[in-house]
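Reviewing the structure listed below.
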Amino acid sequence: MRQGLNEKQLEAVRCTEGPLLILAGAGSGKTRVLVHRIAHLLTEKNVEPWHILAITFTNKAADEMRARVDGIGAEGAQDVWVATFHATCVRILRRHIDRLGFDRNFTIYDTDDQKTLVKNVFKALNIDTQTLKEKNVMRVISSCKDVLQTPEEYAAEAVGYREELIAKVYAEYQRQLKKNNALDFDDLIVKTVELFGACPEVLDYYRERFRYIMVDEYQDTNTAQFRLVELLAGRYHNICVVGDDDQSIYKFRGANIENILSFEKCFPGAAVVKLEQNYRSTGNILDAANEVIRHNRGRKDKRLWTSREGGPKIVLRQYPDAGAEADGVIRAIRDECADGDYSGCAVLYRTNAQSRLLEERCVTLGVPYQLVGGVNFYQRKEIKDIVAYLKTIANGRDDLALLRIINVPKRGIGAASMEKMGIYARANGLSLWEACTRAKEIPGLGKTGEKILAFTEMIAAYRMRVGSGEPLGDILDSLVNETGYLQELQQEGEIEAQTRLENIAELKNKAVAFEEAYRAGDAGRNMPEAGEEPLEVPLLDAFLEEVALIADIDRYDESQSKITLMTLHAAKGLEFPRVYMTGMEEGLFPGMSSINAEDRTELEEERRLCYVGITRAMDRLTMTFAKCRMVKVETVWSKASRFVEEIPDELLEKHLLERDYGAGAFDDDEDGGFSGCFGAGKGGGYPGRAGRYSEERPSGYGSVGYGGVTGYAGGGYGSRGSSSSYRRGFGRPKGSGGGASAAGGASAAGGKPAFGREFKVTRAESLDYGPGDRVSHMKFGEGTVREVKDGPRDYEVTVEFDTAGTKVMMAGFAKLKKL
DNA sequence: TCGAGAATTGTTTTT
DNA sequence: CAATTCTCGA
């Protein structure tokens with residue numbers, strides 16, 4: 001065995017038979033252990049590689065593991081099955097789902113598709129969206145699936161009108177999915193479990209196949225995933241799970257911490273190995289982490305330690321407001337990285353909304369950054385449009401994809417016509433696509449029928465081209481250029497069009513790279529089953545699958561010399577020499593709802609999130625918080641997060657504001673200030689929009705709601721009134737996008753601007769035209785330049801065209817010619 | 001059928 | 001406040 005493993009790690013590696021729980025603290029080298037364990041199985045135990053299954057949660061983790069397993073150098077290492085839960089299930093289902101009455105080329109619906117489907121169901125069942133919100137229903141359905149609850153089971157337990165209604169929606173939703181030959185994300189797991197239940201011989205096959213199973217990040221598994229693993233391990237019981245109960249931060253999406261806490265009960269005779277030596281962080285950082293997490297109850301007993309004693313103290317900084325915080329943090333980073341190397345720095349925050357200020361500051365201070373998360377690349381409109389084209393080309397059964405693009409770009413096929421098509425399709429048991437190919441036979445369409453037919457012919461032509469092996473990249477180009485998609489994009493506005501085209505170009509890159517890998521035979525998804533013929537997956541289908549299962553975190557690239565901006569959740573599993581945790585404020589982190597929840601575990605989950613954040617840091621950790629911050633429309637005053645308070649003073653180097661800075665009087669009673677905030681919320685002071693909350697909500701969420709968050713609302717300080725009215729004074733003409741939007745936003749709170757913004761650094765003219773000049777544009781013809789503004793990327797030019805109206809466009813993109 | 005303006009609504013966190 | 005969804009007039 002390779003050296004360099006500590007005693008405990010070796011123990012975990014060598015314990016190959018029977019159930020094993022590895023409690024792996026943050027930074028304790030669990031991936032190494034897993035990889036070594038696989039190597040040990042292959043080389044020492046002579047286990048056949050196809051008898052080994054390693055499951056992860058993210059593609060990134062899977063890729064990393066894949067690379068390291070391949071790097072073992074053992075013969076056949078590439079036949080070890082390494083994949084995410086979802087990918088594993090897709091692979092199994094592609095082979096056997098016909099037994100559940102689905103077609104094997106089913107499509108996978110993402111969140112947007114789900115929402116559309118729920119909307120359709122609402123329509124079909126005549127449900128008013130005021131009565132029931134799509135989002136809430138989706139959440140309910142998803143949590144049902146997390147625990148393997150079928151529509152029938154849910155209906156049986158449903159109490160009250162609302163739940164009974166949801167039960168109906170759930171049932172209909174599943175019916176529609178089946179009709180569309182589609183599965184949503186959760187279904188991938190659920191259907192696999194269902195398959196195993198319904199077909200013992202299939203389960204049997206996989207039990208034999210996977211004699212050694214390893215699950216990473218086990219604390220994140222939900223009940224369905226647990227069940228899946230339990231089924232697979234049902235014969236050989238060689239199930240090794242790795243996790244850390246202190247890093248369980250996905251309860252909201254169904255992760256069941258009990259899975260790890262009672263592993264030994266579920267798998268009798270399980271061995272337990274604790275990895276407590278941390279190889280990542282300094283002693284101070286680790287002490288802080290331990291001190292914080294100590295406040296949680298019901299954890300597995302363990303305490304991380306390191307040989308790296310001491311280290312710099314944790315820096316704690318307070319700022320007058322969120323803008324100043326962003327400015328201070330980014331400025332500090334810029335100063336630290338004077339050598340121009342920005343890698344190794346991460347700025348973490350609780351909510352995605354906080355990223356905006358940080359991003360802005362990076363732009364103005366010229367600090368290169370990479371933002372992880374936010375809007376998923378594959379959820380952007382243009383990407384979804386193109387992907388919908390591909391889906392339609394690949395699989396005529398996806399009604400949603402078809403509906404999405406049949407009138408994009410505009411083809412004069414409106415909702416009304418498609419409504420008729422839908423009725424016809426339903427009446428005749430056809431998919432929407434099939435109905436479209438018969439548009440001629442359908443009454444009442446008028447000449448729209450011809451347009452629909454023309455559309456189907458176009459798709460059919462693409463189908464031919466794909467079938468004949470034309471490269472995906474070319475197909476994509478053709479889709480963008482020849483369907484008129486590009487033209488329509490450009491009409492919408494040049495600024496938009498530019499980024500959208502960039503995104504589409506990125507998709508194309510992805511497709512080209514994928515095709516290359518596919519042709520080389522290592523596109524991964526069609527790994528051969530042992531002893532059976534490999535499952536042939538056509539290129540386009542394989543690509544769509546890849547796209548469907550990709551998440552944004554997978555796009556984080558550590559090799560770049562850029563600072564990383566991301567949520568605490570996204571940071572899990574990563575490490576950085578320097579970490580900044582921002583927004584360490586009571587009410588934001590931990591969030592209001594967790595503070596007010598009577599369920600103590602909500603707060604504990606927040607605390608675990610904090611623990612995750614702290615333990616990302618290797619050498620230096622900075623925590624920052626702001627005295628006040630805009631939350632939605634109002635300004636909120638907060639004090640430091642309780643998590644900060646839980647760190648002993650001797651570990652901290654504090655830089656706090658003087659007591660009477662800014663908001664002044666509020667500071668006078670330290671506790672009163674904040675509890676006043678709760679009081680106001682509890683007292684029932686809705687900010688006058690109570691009607692919005694008519695839908696039932698879980699108690700404990702109740703009356704506090706947003707009212708509680710918005711500072712002293714109703715508490716007698718009048719802060720919200722003053723701040724928002726002050727703000728209103730800045731009202732700017734809508735849509736004109738004048739400079740005021742960039743420069744005027746300095747904090748109004750307390751009347752002290754936090755810092756001057758410097759957005760309007762207009763560089764020396766590098767354009768050969770300016771306001772007042774006559775220019776011409778390829779498409780819009782001639783016009784007069786009204787304004788030239790320096791945007792974040794390029795000059796934004798406003799042109800009043802003689803015939804096409806006034807447009808704002810990016811100079812580099814518009815290619816205006818001076819006349 | 002379609003666009004622009006109005007109304008509504010939302011903040012956790014995501015595979 | 002911003003982003004999305006809705007509604008109404010042409």
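Here's how to read the names in the structure tokens: chain A, B, ... by the order shown, residue numbers from 1 in each chain, ligand numbers from 1 in the order shown.
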Show me, as CSV, the residues of chain C having an atom within 12 Å of chain A, each with the closest atom pair and its distance in Å, using only C-alpha atoms (C1' of nucleotides).
```
residue,atom,partner,partner_atom,distance
C:DC1,C1',A:Val633,CA,5.7
C:DA2,C1',A:Lys632,CA,9.3
C:DT5,C1',A:Thr129,CA,11.5
C:DC6,C1',A:Thr129,CA,12.0
```
Given a cut-off of 10 Å, which residues of chain B touch chain A, counting only C-alpha atoms (C1' of nucleotides), written out as a PyMOL selection string?
chain B and resi 1-2+8-15
So which residues touch C:DC8 within 10 Å, counting only C-alpha atoms (C1' of nucleotides), skipping near sequence neighbours fewer than 3 positions away, as number ranges by chain?
B: 4-6
Could those selected residues go to a file with all heavy atoms, as an mmCIF file, in the first residue's frame?
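Done, and the output landed in part34.cif:
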```
data_model
loop_
_atom_site.group_PDB
_atom_site.id
_atom_site.type_symbol
_atom_site.label_atom_id
_atom_site.label_comp_id
_atom_site.auth_asym_id
_atom_site.auth_seq_id
_atom_site.Cartn_x
_atom_site.Cartn_y
_atom_site.Cartn_z
ATOM 1 P P DA B 4 -42.395 46.211 -27.406
ATOM 2 O OP1 DA B 4 -41.487 47.037 -28.226
ATOM 3 O OP2 DA B 4 -41.852 45.129 -26.567
ATOM 4 O "O5'" DA B 4 -43.273 47.177 -26.481
ATOM 5 C "C5'" DA B 4 -44.256 48.054 -27.057
ATOM 6 C "C4'" DA B 4 -45.174 48.554 -25.960
ATOM 7 O "O4'" DA B 4 -46.010 47.475 -25.510
ATOM 8 C "C3'" DA B 4 -44.438 49.077 -24.725
ATOM 9 O "O3'" DA B 4 -45.097 50.236 -24.242
ATOM 10 C "C2'" DA B 4 -44.552 47.926 -23.725
ATOM 11 C "C1'" DA B 4 -45.887 47.307 -24.107
ATOM 12 N N9 DA B 4 -45.958 45.872 -23.828
ATOM 13 C C8 DA B 4 -44.984 44.938 -24.044
ATOM 14 N N7 DA B 4 -45.335 43.714 -23.720
ATOM 15 C C5 DA B 4 -46.633 43.856 -23.253
ATOM 16 C C6 DA B 4 -47.565 42.932 -22.755
ATOM 17 N N6 DA B 4 -47.314 41.622 -22.649
ATOM 18 N N1 DA B 4 -48.771 43.400 -22.374
ATOM 19 C C2 DA B 4 -49.026 44.711 -22.483
ATOM 20 N N3 DA B 4 -48.231 45.682 -22.947
ATOM 21 C C4 DA B 4 -47.037 45.178 -23.311
ATOM 22 P P DG B 5 -44.393 51.161 -23.232
ATOM 23 O OP1 DG B 5 -44.559 52.555 -23.666
ATOM 24 O OP2 DG B 5 -43.057 50.608 -22.956
ATOM 25 O "O5'" DG B 5 -45.294 50.938 -21.930
ATOM 26 C "C5'" DG B 5 -46.567 51.565 -21.845
ATOM 27 C "C4'" DG B 5 -47.393 50.826 -20.802
ATOM 28 O "O4'" DG B 5 -47.252 49.405 -20.993
ATOM 29 C "C3'" DG B 5 -46.973 51.109 -19.359
ATOM 30 O "O3'" DG B 5 -48.131 51.415 -18.609
ATOM 31 C "C2'" DG B 5 -46.320 49.805 -18.907
ATOM 32 C "C1'" DG B 5 -47.080 48.791 -19.740
ATOM 33 N N9 DG B 5 -46.375 47.527 -19.932
ATOM 34 C C8 DG B 5 -45.091 47.345 -20.406
ATOM 35 N N7 DG B 5 -44.745 46.085 -20.475
ATOM 36 C C5 DG B 5 -45.865 45.395 -20.020
ATOM 37 C C6 DG B 5 -46.083 44.009 -19.867
ATOM 38 O O6 DG B 5 -45.305 43.076 -20.116
ATOM 39 N N1 DG B 5 -47.360 43.731 -19.382
ATOM 40 C C2 DG B 5 -48.299 44.693 -19.072
ATOM 41 N N2 DG B 5 -49.467 44.256 -18.605
ATOM 42 N N3 DG B 5 -48.108 45.998 -19.207
ATOM 43 C C4 DG B 5 -46.871 46.268 -19.681
ATOM 44 P P DA B 6 -48.061 51.794 -17.099
ATOM 45 O OP1 DA B 6 -48.907 52.982 -16.919
ATOM 46 O OP2 DA B 6 -46.656 51.796 -16.671
ATOM 47 O "O5'" DA B 6 -48.786 50.556 -16.405
ATOM 48 C "C5'" DA B 6 -50.081 50.156 -16.849
ATOM 49 C "C4'" DA B 6 -50.493 48.918 -16.076
ATOM 50 O "O4'" DA B 6 -49.672 47.806 -16.472
ATOM 51 C "C3'" DA B 6 -50.342 49.052 -14.566
ATOM 52 O "O3'" DA B 6 -51.473 48.457 -13.956
ATOM 53 C "C2'" DA B 6 -49.051 48.287 -14.259
ATOM 54 C "C1'" DA B 6 -49.069 47.212 -15.336
ATOM 55 N N9 DA B 6 -47.749 46.736 -15.756
ATOM 56 C C8 DA B 6 -46.677 47.478 -16.150
ATOM 57 N N7 DA B 6 -45.631 46.765 -16.495
ATOM 58 C C5 DA B 6 -46.042 45.464 -16.315
ATOM 59 C C6 DA B 6 -45.402 44.224 -16.502
ATOM 60 N N6 DA B 6 -44.149 44.106 -16.940
ATOM 61 N N1 DA B 6 -46.102 43.109 -16.225
ATOM 62 C C2 DA B 6 -47.361 43.231 -15.791
ATOM 63 N N3 DA B 6 -48.081 44.332 -15.577
ATOM 64 C C4 DA B 6 -47.342 45.419 -15.856
#
```
What's around A:Thr582 at 9 Å? Count only C-alpha atoms (C1' of nucleotides), leave out sequence neighbours fewer than 2 positions away in its own chain, and write the answer as a compact mmCIF listing (two decimals) with all heavy atoms, in the first residue's frame.
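selection-v1.txt written:
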```txt
# COMPACT_ATOMS: atom_id res chain seq x y z
N GLU A 325 -18.93 47.12 2.89
CA GLU A 325 -18.38 45.80 3.14
C GLU A 325 -17.78 45.23 1.86
O GLU A 325 -16.63 44.77 1.83
CB GLU A 325 -19.49 44.86 3.65
CG GLU A 325 -18.99 43.46 3.94
CD GLU A 325 -20.12 42.47 4.17
OE1 GLU A 325 -21.15 42.57 3.47
OE2 GLU A 325 -19.98 41.62 5.06
N ALA A 326 -18.57 45.27 0.81
CA ALA A 326 -18.09 44.75 -0.48
C ALA A 326 -16.82 45.49 -0.89
O ALA A 326 -15.83 44.88 -1.29
CB ALA A 326 -19.17 44.91 -1.54
N VAL A 329 -13.82 44.46 1.37
CA VAL A 329 -13.33 43.11 1.12
C VAL A 329 -12.55 43.05 -0.19
O VAL A 329 -11.43 42.53 -0.25
CB VAL A 329 -14.50 42.11 1.10
CG1 VAL A 329 -14.05 40.76 0.56
CG2 VAL A 329 -15.07 41.95 2.51
N VAL A 347 -14.57 34.53 -1.76
CA VAL A 347 -15.51 35.34 -0.99
C VAL A 347 -16.82 34.57 -0.92
O VAL A 347 -17.40 34.23 -1.96
CB VAL A 347 -15.73 36.71 -1.65
CG1 VAL A 347 -16.67 37.55 -0.80
CG2 VAL A 347 -14.41 37.43 -1.85
N LEU A 348 -17.23 34.27 0.28
CA LEU A 348 -18.43 33.45 0.46
C LEU A 348 -19.56 34.26 1.06
O LEU A 348 -19.34 35.21 1.81
CB LEU A 348 -18.11 32.26 1.38
CG LEU A 348 -16.89 31.43 1.03
CD1 LEU A 348 -16.71 30.28 2.01
CD2 LEU A 348 -16.99 30.90 -0.40
N TYR A 349 -20.77 33.88 0.73
CA TYR A 349 -21.94 34.58 1.26
C TYR A 349 -23.09 33.60 1.38
O TYR A 349 -23.06 32.51 0.79
CB TYR A 349 -22.33 35.76 0.35
CG TYR A 349 -22.13 35.47 -1.11
CD1 TYR A 349 -23.08 34.77 -1.83
CD2 TYR A 349 -20.96 35.85 -1.77
CE1 TYR A 349 -22.90 34.49 -3.16
CE2 TYR A 349 -20.76 35.56 -3.11
CZ TYR A 349 -21.74 34.88 -3.80
OH TYR A 349 -21.55 34.58 -5.11
N ARG A 350 -24.10 34.04 2.11
CA ARG A 350 -25.23 33.15 2.38
C ARG A 350 -26.19 33.04 1.19
O ARG A 350 -26.66 31.99 0.82
CB ARG A 350 -25.96 33.65 3.62
CG ARG A 350 -27.20 32.86 4.02
CD ARG A 350 -26.83 31.48 4.50
NE ARG A 350 -27.48 30.45 3.73
CZ ARG A 350 -28.61 29.86 4.07
NH1 ARG A 350 -29.20 30.15 5.19
NH2 ARG A 350 -29.15 28.95 3.31
N GLN A 354 -26.46 38.51 -2.50
CA GLN A 354 -25.34 39.28 -1.98
C GLN A 354 -24.20 39.41 -2.98
O GLN A 354 -23.31 40.24 -2.81
CB GLN A 354 -24.80 38.63 -0.70
CG GLN A 354 -25.73 38.70 0.48
CD GLN A 354 -25.29 37.76 1.59
OE1 GLN A 354 -25.91 36.74 1.83
NE2 GLN A 354 -24.21 38.11 2.26
N TYR A 580 -13.00 34.72 2.75
CA TYR A 580 -13.75 35.83 3.33
C TYR A 580 -15.20 35.40 3.48
O TYR A 580 -15.84 35.09 2.48
CB TYR A 580 -13.68 37.06 2.42
CG TYR A 580 -12.30 37.67 2.36
CD1 TYR A 580 -11.34 37.12 1.55
CD2 TYR A 580 -11.98 38.77 3.15
CE1 TYR A 580 -10.07 37.67 1.51
CE2 TYR A 580 -10.71 39.32 3.12
CZ TYR A 580 -9.76 38.76 2.30
OH TYR A 580 -8.50 39.29 2.27
N MET A 584 -21.92 38.34 7.82
CA MET A 584 -22.07 37.58 9.07
C MET A 584 -22.96 38.36 10.03
O MET A 584 -22.50 38.93 11.00
CB MET A 584 -20.71 37.33 9.71
CG MET A 584 -19.75 36.54 8.84
SD MET A 584 -20.30 34.88 8.50
CE MET A 584 -20.30 34.17 10.13
N GLU A 585 -24.24 38.37 9.67
CA GLU A 585 -25.17 39.16 10.45
C GLU A 585 -26.36 38.33 10.91
O GLU A 585 -26.85 37.49 10.18
CB GLU A 585 -25.71 40.33 9.60
CG GLU A 585 -24.67 41.36 9.28
CD GLU A 585 -24.86 41.90 7.88
OE1 GLU A 585 -26.01 42.10 7.47
OE2 GLU A 585 -23.84 42.11 7.20
N THR A 622 -11.25 35.62 7.10
CA THR A 622 -11.77 36.93 7.47
C THR A 622 -13.29 36.84 7.49
O THR A 622 -13.89 36.28 6.58
CB THR A 622 -11.35 38.01 6.45
OG1 THR A 622 -9.93 38.03 6.36
CG2 THR A 622 -11.84 39.38 6.87
N MET A 623 -13.88 37.39 8.54
CA MET A 623 -15.34 37.45 8.58
C MET A 623 -15.74 38.92 8.60
O MET A 623 -15.13 39.71 9.31
CB MET A 623 -15.86 36.77 9.84
CG MET A 623 -15.66 35.28 9.84
SD MET A 623 -16.45 34.58 11.30
CE MET A 623 -16.37 32.85 10.90
N THR A 624 -16.74 39.25 7.82
CA THR A 624 -17.17 40.64 7.79
C THR A 624 -18.67 40.73 7.97
O THR A 624 -19.41 39.79 7.66
CB THR A 624 -16.81 41.31 6.45
OG1 THR A 624 -17.54 40.66 5.40
CG2 THR A 624 -15.33 41.22 6.16
N PHE A 625 -19.10 41.87 8.49
CA PHE A 625 -20.54 42.11 8.58
C PHE A 625 -20.79 43.60 8.50
O PHE A 625 -19.88 44.41 8.68
CB PHE A 625 -21.13 41.50 9.84
CG PHE A 625 -20.63 42.07 11.14
CD1 PHE A 625 -21.47 42.83 11.93
CD2 PHE A 625 -19.34 41.81 11.57
CE1 PHE A 625 -21.03 43.35 13.15
CE2 PHE A 625 -18.88 42.33 12.78
CZ PHE A 625 -19.73 43.10 13.57
N ALA A 626 -22.01 43.95 8.20
CA ALA A 626 -22.36 45.35 7.99
C ALA A 626 -23.42 45.77 9.00
O ALA A 626 -24.25 44.98 9.41
CB ALA A 626 -22.88 45.55 6.57
```
Filtered DSSP result for stretch 125-275 of chain A, state helix (DSSP H, G or I), as a PyMOL selection string
chain A and resi 134-146+151-157+160-179+185-198+200-209+218-220+223-232+245-247+251-253+258-261+263-266
At what distance in Å, to one decimal, does atom CA of A:Asp557 lie from atom CA of A:Asp245?
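According to the coordinates, atom CA of A:Asp245 and atom CA of A:Asp557 are separated by 27.2 Å.
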